[in-house]
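Source file start-v1.pdb; content: PDB, C-alpha atoms and all ligand atoms.
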ATOM      1  CA  MET A   1      38.135  86.512  25.882
ATOM      2  CA  ALA A   2      41.475  85.083  26.783
ATOM      3  CA  LEU A   3      44.025  84.730  24.025
ATOM      4  CA  ARG A   4      44.637  81.079  24.725
ATOM      5  CA  GLU A   5      42.348  78.587  26.373
ATOM      6  CA  VAL A   6      43.492  77.068  29.667
ATOM      7  CA  LEU A   7      43.250  73.286  29.457
ATOM      8  CA  GLN A   8      41.274  71.678  32.227
ATOM      9  CA  PHE A   9      41.426  68.321  33.957
ATOM     10  CA  PRO A  10      41.061  65.602  32.685
ATOM     11  CA  ASP A  11      42.620  66.878  29.426
ATOM     12  CA  PRO A  12      45.360  64.314  28.650
ATOM     13  CA  ARG A  13      47.709  67.070  27.430
ATOM     14  CA  LEU A  14      48.126  68.140  31.068
ATOM     15  CA  LYS A  15      49.851  64.805  31.752
ATOM     16  CA  ARG A  16      52.623  65.184  29.184
ATOM     17  CA  VAL A  17      56.211  65.775  30.257
ATOM     18  CA  SER A  18      57.319  69.028  28.612
ATOM     19  CA  GLU A  19      60.472  69.401  26.516
ATOM     20  CA  PRO A  20      63.415  71.573  27.557
ATOM     21  CA  ILE A  21      63.775  74.790  25.537
ATOM     22  CA  ARG A  22      67.065  74.742  23.575
ATOM     23  CA  GLU A  23      66.786  77.965  21.648
ATOM     24  CA  MET A  24      64.625  81.024  22.089
ATOM     25  CA  ASP A  25      62.609  82.173  19.096
ATOM     26  CA  GLU A  26      59.802  84.614  18.367
ATOM     27  CA  ALA A  27      57.099  81.973  18.894
ATOM     28  CA  LEU A  28      58.416  81.264  22.392
ATOM     29  CA  ARG A  29      58.571  84.984  23.212
ATOM     30  CA  GLU A  30      54.985  85.261  22.085
ATOM     31  CA  LEU A  31      54.093  82.276  24.262
ATOM     32  CA  ALA A  32      55.656  84.057  27.260
ATOM     33  CA  ARG A  33      53.571  87.172  26.577
ATOM     34  CA  ASP A  34      50.426  85.072  26.178
ATOM     35  CA  LEU A  35      51.097  83.176  29.416
ATOM     36  CA  CYS A  36      51.380  86.475  31.303
ATOM     37  CA  GLN A  37      48.205  87.810  29.747
ATOM     38  CA  VAL A  38      46.222  84.666  30.514
ATOM     39  CA  MET A  39      47.569  84.624  34.088
ATOM     40  CA  TYR A  40      46.402  88.192  34.709
ATOM     41  CA  ASP A  41      43.098  87.696  32.871
ATOM     42  CA  GLU A  42      42.017  84.575  34.720
ATOM     43  CA  PRO A  43      43.327  85.742  37.320
ATOM     44  CA  GLY A  44      46.078  83.518  38.656
ATOM     45  CA  ILE A  45      49.471  83.877  40.324
ATOM     46  CA  GLY A  46      51.266  81.388  38.107
ATOM     47  CA  LEU A  47      50.883  79.519  34.842
ATOM     48  CA  ALA A  48      52.866  76.875  33.007
ATOM     49  CA  ALA A  49      53.112  76.472  29.221
ATOM     50  CA  PRO A  50      51.468  73.009  29.124
ATOM     51  CA  GLN A  51      48.328  74.551  30.628
ATOM     52  CA  VAL A  52      47.785  76.318  27.305
ATOM     53  CA  GLY A  53      48.737  73.196  25.335
ATOM     54  CA  GLU A  54      52.429  73.968  24.709
ATOM     55  CA  ALA A  55      54.610  71.130  25.988
ATOM     56  CA  VAL A  56      57.723  73.242  26.632
ATOM     57  CA  ARG A  57      59.464  74.065  29.900
ATOM     58  CA  MET A  58      58.373  77.628  30.577
ATOM     59  CA  ILE A  59      56.505  79.096  33.547
ATOM     60  CA  VAL A  60      55.327  82.548  34.601
ATOM     61  CA  VAL A  61      54.826  83.588  38.202
ATOM     62  CA  ASP A  62      53.630  86.774  39.855
ATOM     63  CA  THR A  63      52.800  86.181  43.493
ATOM     64  CA  GLU A  64      52.666  89.869  44.441
ATOM     65  CA  TRP A  65      49.916  90.721  42.036
ATOM     66  CA  THR A  66      46.246  90.357  42.925
ATOM     67  CA  LYS A  67      43.248  91.417  40.916
ATOM     68  CA  GLU A  68      41.722  94.227  42.867
ATOM     69  CA  ASP A  69      39.733  95.881  40.092
ATOM     70  CA  GLU A  70      36.426  95.175  41.823
ATOM     71  CA  ASP A  71      37.539  97.026  44.917
ATOM     72  CA  GLU A  72      37.813 100.660  43.920
ATOM     73  CA  GLU A  73      39.540 101.625  47.162
ATOM     74  CA  ALA A  74      42.384  99.218  46.580
ATOM     75  CA  VAL A  75      45.422 100.267  44.638
ATOM     76  CA  PRO A  76      46.328  97.434  42.269
ATOM     77  CA  ALA A  77      49.801  96.123  42.921
ATOM     78  CA  GLU A  78      52.324  96.599  40.169
ATOM     79  CA  ARG A  79      52.575  93.747  37.709
ATOM     80  CA  ASN A  80      55.927  92.085  37.900
ATOM     81  CA  PRO A  81      55.801  88.752  36.089
ATOM     82  CA  LEU A  82      58.767  86.417  36.359
ATOM     83  CA  VAL A  83      59.190  84.291  33.239
ATOM     84  CA  VAL A  84      61.456  81.285  33.771
ATOM     85  CA  VAL A  85      62.721  79.028  30.998
ATOM     86  CA  ASN A  86      63.788  75.495  31.948
ATOM     87  CA  PRO A  87      63.096  76.102  35.650
ATOM     88  CA  GLU A  88      64.439  73.662  38.218
ATOM     89  CA  ILE A  89      64.288  73.445  41.976
ATOM     90  CA  VAL A  90      67.921  72.917  43.008
ATOM     91  CA  HIS A  91      67.429  73.087  46.754
ATOM     92  CA  ARG A  92      64.461  72.447  49.030
ATOM     93  CA  GLU A  93      64.092  72.810  52.770
ATOM     94  CA  GLY A  94      61.395  72.393  55.395
ATOM     95  CA  VAL A  95      57.764  71.425  55.004
ATOM     96  CA  ILE A  96      54.710  73.616  54.502
ATOM     97  CA  VAL A  97      51.069  72.722  53.947
ATOM     98  CA  TRP A  98      49.293  75.069  51.581
ATOM     99  CA  ASN A  99      45.696  75.124  50.352
ATOM    100  CA  GLU A 100      46.230  75.013  46.592
ATOM    101  CA  GLY A 101      44.052  75.547  43.591
ATOM    102  CA  CYS A 102      44.811  75.504  39.878
ATOM    103  CA  LEU A 103      43.328  77.099  36.770
ATOM    104  CA  SER A 104      43.366  73.620  35.203
ATOM    105  CA  VAL A 105      41.470  72.020  38.108
ATOM    106  CA  PRO A 106      38.124  73.840  38.245
ATOM    107  CA  ASP A 107      36.153  74.304  41.447
ATOM    108  CA  PHE A 108      38.532  72.560  43.825
ATOM    109  CA  THR A 109      41.214  73.364  46.383
ATOM    110  CA  ALA A 110      43.086  71.054  48.736
ATOM    111  CA  ASP A 111      45.928  71.087  51.237
ATOM    112  CA  VAL A 112      49.202  70.003  49.672
ATOM    113  CA  GLU A 113      52.505  69.353  51.403
ATOM    114  CA  ARG A 114      55.454  71.156  49.806
ATOM    115  CA  ALA A 115      58.961  72.300  50.673
ATOM    116  CA  GLU A 116      58.778  75.537  52.637
ATOM    117  CA  ARG A 117      61.892  77.093  51.115
ATOM    118  CA  VAL A 118      63.315  76.419  47.670
ATOM    119  CA  THR A 119      66.023  77.663  45.375
ATOM    120  CA  LEU A 120      64.947  78.041  41.759
ATOM    121  CA  HIS A 121      67.329  77.948  38.795
ATOM    122  CA  GLY A 122      66.569  78.648  35.172
ATOM    123  CA  THR A 123      67.005  81.381  32.596
ATOM    124  CA  ASP A 124      65.018  84.349  31.394
ATOM    125  CA  LEU A 125      63.947  84.862  27.759
ATOM    126  CA  ASP A 126      67.389  86.246  26.872
ATOM    127  CA  GLY A 127      69.277  83.312  28.329
ATOM    128  CA  ASN A 128      70.372  85.137  31.486
ATOM    129  CA  ASP A 129      70.535  83.086  34.659
ATOM    130  CA  VAL A 130      67.565  83.237  36.985
ATOM    131  CA  HIS A 131      68.450  82.272  40.513
ATOM    132  CA  GLU A 132      65.942  82.888  43.258
ATOM    133  CA  GLN A 133      65.426  81.744  46.805
ATOM    134  CA  ALA A 134      61.779  81.746  47.798
ATOM    135  CA  GLU A 135      59.650  80.739  50.744
ATOM    136  CA  GLY A 136      55.984  80.356  51.595
ATOM    137  CA  LEU A 137      53.494  81.121  48.817
ATOM    138  CA  ARG A 138      56.169  81.893  46.222
ATOM    139  CA  ALA A 139      58.027  78.638  46.978
ATOM    140  CA  VAL A 140      54.738  76.727  46.720
ATOM    141  CA  CYS A 141      53.978  78.444  43.424
ATOM    142  CA  PHE A 142      57.373  77.509  41.907
ATOM    143  CA  GLN A 143      56.879  73.870  42.897
ATOM    144  CA  HIS A 144      53.291  73.808  41.609
ATOM    145  CA  GLU A 145      54.215  75.306  38.212
ATOM    146  CA  ILE A 146      57.254  73.060  37.712
ATOM    147  CA  ASP A 147      55.022  70.069  38.509
ATOM    148  CA  HIS A 148      52.924  71.076  35.480
ATOM    149  CA  LEU A 149      56.047  70.705  33.295
ATOM    150  CA  ASP A 150      56.310  67.121  34.504
ATOM    151  CA  GLY A 151      52.639  66.374  33.886
ATOM    152  CA  VAL A 152      51.782  66.491  37.581
ATOM    153  CA  LEU A 153      48.756  68.302  39.026
ATOM    154  CA  PHE A 154      48.272  69.191  42.698
ATOM    155  CA  ILE A 155      45.482  66.589  42.856
ATOM    156  CA  ASP A 156      48.186  63.981  42.197
ATOM    157  CA  ARG A 157      49.720  64.998  45.528
ATOM    158  CA  ILE A 158      46.677  64.541  47.767
ATOM    159  CA  SER A 159      45.212  61.371  49.265
ATOM    160  CA  ARG A 160      43.783  58.829  46.874
ATOM    161  CA  LEU A 161      40.361  59.205  48.509
ATOM    162  CA  LYS A 162      40.236  62.993  48.160
ATOM    163  CA  ARG A 163      41.443  62.736  44.590
ATOM    164  CA  SER A 164      38.825  60.159  43.620
ATOM    165  CA  LEU A 165      36.068  62.256  45.197
ATOM    166  CA  TYR A 166      37.155  65.199  43.082
ATOM    167  CA  VAL A 167      37.420  63.100  39.918
ATOM    168  CA  LYS A 168      33.863  61.855  40.503
ATOM    169  CA  LYS A 169      32.564  65.387  41.031
ATOM    170  CA  ARG A 170      34.388  66.640  37.936
ATOM    171  CA  LYS A 171      33.042  63.831  35.735
ATOM    172  CA  LYS A 172      29.511  64.595  36.902
ATOM    173  CA  GLN A 173      30.060  68.273  36.121
ATOM    174  CA  LEU A 174      31.304  67.443  32.611
ATOM    175  CA  ARG A 175      28.346  65.092  32.006
ATOM    176  CA  GLU A 176      25.934  67.830  33.018
ATOM    177  CA  GLU A 177      27.655  70.363  30.770
ATOM    178  CA  GLU A 178      27.463  67.921  27.887
ATOM    179  CA  GLU A 179      23.756  67.212  28.465
ATOM    180  CA  GLU A 180      23.076  70.932  28.625
ATOM    181  CA  GLY A 181      24.922  71.407  25.340
ATOM    182  CA  GLN A 182      22.922  68.654  23.688
ATOM    183  CA  SER A 183      19.578  70.031  24.797
ATOM    184  CA  ARG A 184      20.628  73.454  23.525
ATOM    185  CA  ALA A 185      21.552  71.882  20.179
ATOM    186  CA  ARG A 186      18.145  70.192  19.957
ATOM    187  CA  GLY A 187      16.550  73.547  20.656
ATOM    188  CA  HIS A 188      17.926  74.817  17.375
ATOM    189  CA  GLY A 189      15.539  72.472  15.559
ATOM    190  CA  LEU A 190      17.933  70.766  13.169
TER     191      LEU A 190
HETATM  192 NI    NI B 201      48.273  74.901  38.257
END

Structure encoded using structure tokens:
Amino acid sequence: MALREVLQFPDPRLKRVSEPIREMDEALRELARDLCQVMYDEPGIGLAAPQVGEAVRMIVVDTEWTKEDEDEEAVPAERNPLVVVNPEIVHREGVIVWNEGCLSVPDFTADVERAERVTLHGTDLDGNDVHEQAEGLRAVCFQHEIDHLDGVLFIDRISRLKRSLYVKKRKKQLREEEEEGQSRARGHGL
């Protein structure tokens, strides 16, 4: 079981704007470790603190890593998580359309338009500058995770029609889960 639960749409906590981190402490270091663990467990290639209910500006990204445990022939890539505190996109260039998904948006992917190349600024856990130019998947991932810090999900960046179709589907799914839970509870006889 994962250490921390990943919040899922429509949890209102996903819509909060996260606070900048002023000072690093042990709790925040622990949060960084937990974010990495949850990202690899799920698996995902990025995770933002608000997705586990912490409204602070911290993201983790590892776009090289893929879970290949099921394929015994494959050699798992080395884990190389990038933790960024107070990340910001300071430069963006070009346009790319990427089919995105999100651990907080179950059972859905959609094409999203993003900048193709970005420059990311922030710090690591020790306050050292992080400065990275990225393109393609990694650039998309930075933009997607920073969106989470501003309470924005990728479904907020697709057409209103596509979004409303997903919201409908998700509500139906939640209703069914709830009904299932209730019938299970009745089965217990009290
Ligand atoms: Ni996400």

Per residue of chain A within 12 Å of ligand NI 201 (chain B), which atom pair is closest and at what distance in Å (one decimal), using only C-alpha atoms and all ligand atoms, listed by chain and increasing number, as JSON lines?
{"residue": "A:Val6", "atom": "CA", "partner": "B:NI201", "partner_atom": "NI", "distance": 10.1}
{"residue": "A:Leu7", "atom": "CA", "partner": "B:NI201", "partner_atom": "NI", "distance": 10.3}
{"residue": "A:Gln8", "atom": "CA", "partner": "B:NI201", "partner_atom": "NI", "distance": 9.8}
{"residue": "A:Phe9", "atom": "CA", "partner": "B:NI201", "partner_atom": "NI", "distance": 10.4}
{"residue": "A:Leu14", "atom": "CA", "partner": "B:NI201", "partner_atom": "NI", "distance": 9.9}
{"residue": "A:Met39", "atom": "CA", "partner": "B:NI201", "partner_atom": "NI", "distance": 10.6}
{"residue": "A:Pro43", "atom": "CA", "partner": "B:NI201", "partner_atom": "NI", "distance": 12.0}
{"residue": "A:Gly44", "atom": "CA", "partner": "B:NI201", "partner_atom": "NI", "distance": 8.9}
{"residue": "A:Ile45", "atom": "CA", "partner": "B:NI201", "partner_atom": "NI", "distance": 9.3}
{"residue": "A:Gly46", "atom": "CA", "partner": "B:NI201", "partner_atom": "NI", "distance": 7.1}
{"residue": "A:Leu47", "atom": "CA", "partner": "B:NI201", "partner_atom": "NI", "distance": 6.3}
{"residue": "A:Ala48", "atom": "CA", "partner": "B:NI201", "partner_atom": "NI", "distance": 7.2}
{"residue": "A:Ala49", "atom": "CA", "partner": "B:NI201", "partner_atom": "NI", "distance": 10.4}
{"residue": "A:Pro50", "atom": "CA", "partner": "B:NI201", "partner_atom": "NI", "distance": 9.9}
{"residue": "A:Gln51", "atom": "CA", "partner": "B:NI201", "partner_atom": "NI", "distance": 7.6}
{"residue": "A:Val52", "atom": "CA", "partner": "B:NI201", "partner_atom": "NI", "distance": 11.1}
{"residue": "A:Ile59", "atom": "CA", "partner": "B:NI201", "partner_atom": "NI", "distance": 10.4}
{"residue": "A:Val60", "atom": "CA", "partner": "B:NI201", "partner_atom": "NI", "distance": 11.0}
{"residue": "A:Val61", "atom": "CA", "partner": "B:NI201", "partner_atom": "NI", "distance": 10.9}
{"residue": "A:Glu100", "atom": "CA", "partner": "B:NI201", "partner_atom": "NI", "distance": 8.6}
{"residue": "A:Gly101", "atom": "CA", "partner": "B:NI201", "partner_atom": "NI", "distance": 6.8}
{"residue": "A:Cys102", "atom": "CA", "partner": "B:NI201", "partner_atom": "NI", "distance": 3.9}
{"residue": "A:Leu103", "atom": "CA", "partner": "B:NI201", "partner_atom": "NI", "distance": 5.6}
{"residue": "A:Ser104", "atom": "CA", "partner": "B:NI201", "partner_atom": "NI", "distance": 5.9}
{"residue": "A:Val105", "atom": "CA", "partner": "B:NI201", "partner_atom": "NI", "distance": 7.4}
{"residue": "A:Pro106", "atom": "CA", "partner": "B:NI201", "partner_atom": "NI", "distance": 10.2}
{"residue": "A:Phe108", "atom": "CA", "partner": "B:NI201", "partner_atom": "NI", "distance": 11.5}
{"residue": "A:Thr109", "atom": "CA", "partner": "B:NI201", "partner_atom": "NI", "distance": 10.9}
{"residue": "A:Val140", "atom": "CA", "partner": "B:NI201", "partner_atom": "NI", "distance": 10.8}
{"residue": "A:Cys141", "atom": "CA", "partner": "B:NI201", "partner_atom": "NI", "distance": 8.5}
{"residue": "A:Phe142", "atom": "CA", "partner": "B:NI201", "partner_atom": "NI", "distance": 10.1}
{"residue": "A:Gln143", "atom": "CA", "partner": "B:NI201", "partner_atom": "NI", "distance": 9.8}
{"residue": "A:His144", "atom": "CA", "partner": "B:NI201", "partner_atom": "NI", "distance": 6.1}
{"residue": "A:Glu145", "atom": "CA", "partner": "B:NI201", "partner_atom": "NI", "distance": 6.0}
{"residue": "A:Ile146", "atom": "CA", "partner": "B:NI201", "partner_atom": "NI", "distance": 9.2}
{"residue": "A:Asp147", "atom": "CA", "partner": "B:NI201", "partner_atom": "NI", "distance": 8.3}
{"residue": "A:His148", "atom": "CA", "partner": "B:NI201", "partner_atom": "NI", "distance": 6.6}
{"residue": "A:Leu149", "atom": "CA", "partner": "B:NI201", "partner_atom": "NI", "distance": 10.1}
{"residue": "A:Asp150", "atom": "CA", "partner": "B:NI201", "partner_atom": "NI", "distance": 11.8}
{"residue": "A:Gly151", "atom": "CA", "partner": "B:NI201", "partner_atom": "NI", "distance": 10.5}
{"residue": "A:Val152", "atom": "CA", "partner": "B:NI201", "partner_atom": "NI", "distance": 9.1}
{"residue": "A:Leu153", "atom": "CA", "partner": "B:NI201", "partner_atom": "NI", "distance": 6.7}
{"residue": "A:Phe154", "atom": "CA", "partner": "B:NI201", "partner_atom": "NI", "distance": 7.2}
{"residue": "A:Ile155", "atom": "CA", "partner": "B:NI201", "partner_atom": "NI", "distance": 9.9}
{"residue": "A:Asp156", "atom": "CA", "partner": "B:NI201", "partner_atom": "NI", "distance": 11.6}

- Item | Residue contacts of Ser18 (chain A) (6 Å, only C-alpha atoms) excluding same-chain residues fewer than 3 positions away, as number ranges by chain | A: 55-57, 149

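The smallest atom-to-atom distance between Arg117 (chain A) and any of A:His131, A:Asn99, A:Gly136, A:Glu54, using only C-alpha atoms, is found for A:Gly136.
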
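Here CA of Glu179 (chain A) and CA of Asp41 (chain A) stand 28.5 Å from one another.
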
- Pick out the closest residue to Ala134 (chain A) from this set: A:Leu174, A:Val167, A:Val90, A:Ala77. Count all atoms listed in the file.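 Residue with the minimum atom-to-atom distance to Ala134 (chain A): A:Val90.
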
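Shortest atom-to-atom contact with Lys162 (chain A) among A:Ala110, A:Val84, A:Ala139, A:Leu125: A:Ala110, counting all atoms listed in the file.
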
- Message: Quick check, in Å to one decimal: how far apart do CA of Thr123 (chain A) and CA of Glu135 (chain A) lie?
- Response: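 Interatomic distance, CA of Thr123 (chain A) to CA of Glu135 (chain A): 19.6 Å.
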
- Query: Could you state the separation of CA of Ile158 (chain A) and CA of Glu113 (chain A) in Å, given to one decimal place?
  - Reply: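 Between CA of Ile158 (chain A) and CA of Glu113 (chain A) the gap is 8.4 Å.
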
- Message: So, with all atoms listed in the file as the atoms that count, which of A:Arg29, A:Arg79, A:Arg138, A:Arg170 lies closest to Ile96 (chain A)?
- Response: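 Ranking A:Arg29, A:Arg79, A:Arg138, A:Arg170 by distance to Ile96 (chain A), first place goes to A:Arg138.
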
- Item | Nearest candidate to Asp111 (chain A) (options A:Ser159, A:Glu5, A:Gln133, A:Lys172; using all atoms listed in the file) |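 Among the listed residues, the smallest separation from Asp111 (chain A) belongs to A:Ser159.
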
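When the PyMOL selection byres (((chain A and resi 23) around 10) and not hetatm) is evaluated against the file, it yields Pro20, Ile21, Arg22, Met24, Asp25, Leu28, Leu125, Asp126 and Gly127 of chain A.
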
Show me that you can extract region 29-40 of chain A, keeping all heavy atoms, and write it as a compact mmCIF listing (two decimals), in the first residue's frame.
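Printed below is part.txt as written:
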# COMPACT_ATOMS: atom_id res chain seq x y z
N ARG A 29 11.22 17.42 3.94
CA ARG A 29 12.12 16.39 3.38
C ARG A 29 11.41 15.04 3.31
O ARG A 29 11.57 14.28 2.36
CB ARG A 29 13.39 16.27 4.23
CG ARG A 29 14.34 17.43 4.04
CD ARG A 29 15.58 17.31 4.92
NE ARG A 29 16.27 18.58 4.95
CZ ARG A 29 17.09 19.01 3.98
NH1 ARG A 29 17.36 18.22 2.95
NH2 ARG A 29 17.64 20.19 4.05
N GLU A 30 10.64 14.78 4.35
CA GLU A 30 9.88 13.53 4.37
C GLU A 30 8.83 13.53 3.26
O GLU A 30 8.62 12.52 2.60
CB GLU A 30 9.21 13.39 5.74
CG GLU A 30 8.76 11.98 6.04
CD GLU A 30 8.07 11.91 7.39
OE1 GLU A 30 8.65 12.37 8.38
OE2 GLU A 30 6.94 11.39 7.42
N LEU A 31 8.20 14.68 3.06
CA LEU A 31 7.22 14.80 1.98
C LEU A 31 7.88 14.50 0.63
O LEU A 31 7.31 13.79 -0.20
CB LEU A 31 6.62 16.22 1.98
CG LEU A 31 5.71 16.57 0.81
CD1 LEU A 31 4.47 15.68 0.78
CD2 LEU A 31 5.29 18.05 0.86
N ALA A 32 9.09 15.01 0.42
CA ALA A 32 9.81 14.77 -0.84
C ALA A 32 10.06 13.27 -1.02
O ALA A 32 9.86 12.72 -2.11
CB ALA A 32 11.12 15.55 -0.86
N ARG A 33 10.48 12.60 0.05
CA ARG A 33 10.71 11.15 -0.04
C ARG A 33 9.42 10.41 -0.35
O ARG A 33 9.38 9.50 -1.18
CB ARG A 33 11.31 10.62 1.28
CG ARG A 33 12.77 11.00 1.49
CD ARG A 33 13.39 10.20 2.64
NE ARG A 33 12.81 10.53 3.95
CZ ARG A 33 13.30 11.49 4.75
NH1 ARG A 33 14.34 12.21 4.39
NH2 ARG A 33 12.73 11.73 5.92
N ASP A 34 8.34 10.82 0.32
CA ASP A 34 7.04 10.18 0.10
C ASP A 34 6.56 10.39 -1.34
O ASP A 34 6.04 9.46 -1.96
CB ASP A 34 5.99 10.74 1.06
CG ASP A 34 6.23 10.30 2.49
OD1 ASP A 34 7.10 9.44 2.71
OD2 ASP A 34 5.53 10.82 3.39
N LEU A 35 6.75 11.61 -1.85
CA LEU A 35 6.30 11.90 -3.22
C LEU A 35 7.02 10.97 -4.20
O LEU A 35 6.41 10.43 -5.12
CB LEU A 35 6.58 13.36 -3.59
CG LEU A 35 5.65 14.41 -2.97
CD1 LEU A 35 6.16 15.81 -3.30
CD2 LEU A 35 4.22 14.25 -3.46
N CYS A 36 8.34 10.80 -4.00
CA CYS A 36 9.10 9.91 -4.88
C CYS A 36 8.56 8.49 -4.77
O CYS A 36 8.30 7.82 -5.78
CB CYS A 36 10.59 9.93 -4.54
SG CYS A 36 11.37 11.51 -4.91
N GLN A 37 8.36 8.04 -3.55
CA GLN A 37 7.89 6.66 -3.37
C GLN A 37 6.53 6.43 -4.03
O GLN A 37 6.32 5.43 -4.72
CB GLN A 37 7.82 6.30 -1.89
CG GLN A 37 7.66 4.81 -1.71
CD GLN A 37 7.46 4.40 -0.26
OE1 GLN A 37 7.91 5.09 0.65
NE2 GLN A 37 6.77 3.30 -0.06
N VAL A 38 5.63 7.37 -3.82
CA VAL A 38 4.29 7.24 -4.42
C VAL A 38 4.39 7.25 -5.94
O VAL A 38 3.74 6.46 -6.63
CB VAL A 38 3.34 8.35 -3.91
CG1 VAL A 38 2.02 8.34 -4.66
CG2 VAL A 38 3.08 8.20 -2.41
N MET A 39 5.24 8.15 -6.47
CA MET A 39 5.41 8.23 -7.93
C MET A 39 5.88 6.90 -8.51
O MET A 39 5.33 6.42 -9.50
CB MET A 39 6.41 9.34 -8.28
CG MET A 39 6.78 9.39 -9.76
SD MET A 39 7.86 10.79 -10.16
CE MET A 39 9.42 10.28 -9.44
N TYR A 40 6.85 6.27 -7.85
CA TYR A 40 7.36 4.99 -8.37
C TYR A 40 6.37 3.85 -8.13
O TYR A 40 6.26 2.93 -8.93
CB TYR A 40 8.72 4.66 -7.75
CG TYR A 40 9.81 5.60 -8.20
CD1 TYR A 40 10.53 6.36 -7.29
CD2 TYR A 40 10.12 5.74 -9.56
CE1 TYR A 40 11.52 7.23 -7.70
CE2 TYR A 40 11.11 6.60 -9.98
CZ TYR A 40 11.81 7.35 -9.06
OH TYR A 40 12.78 8.20 -9.48
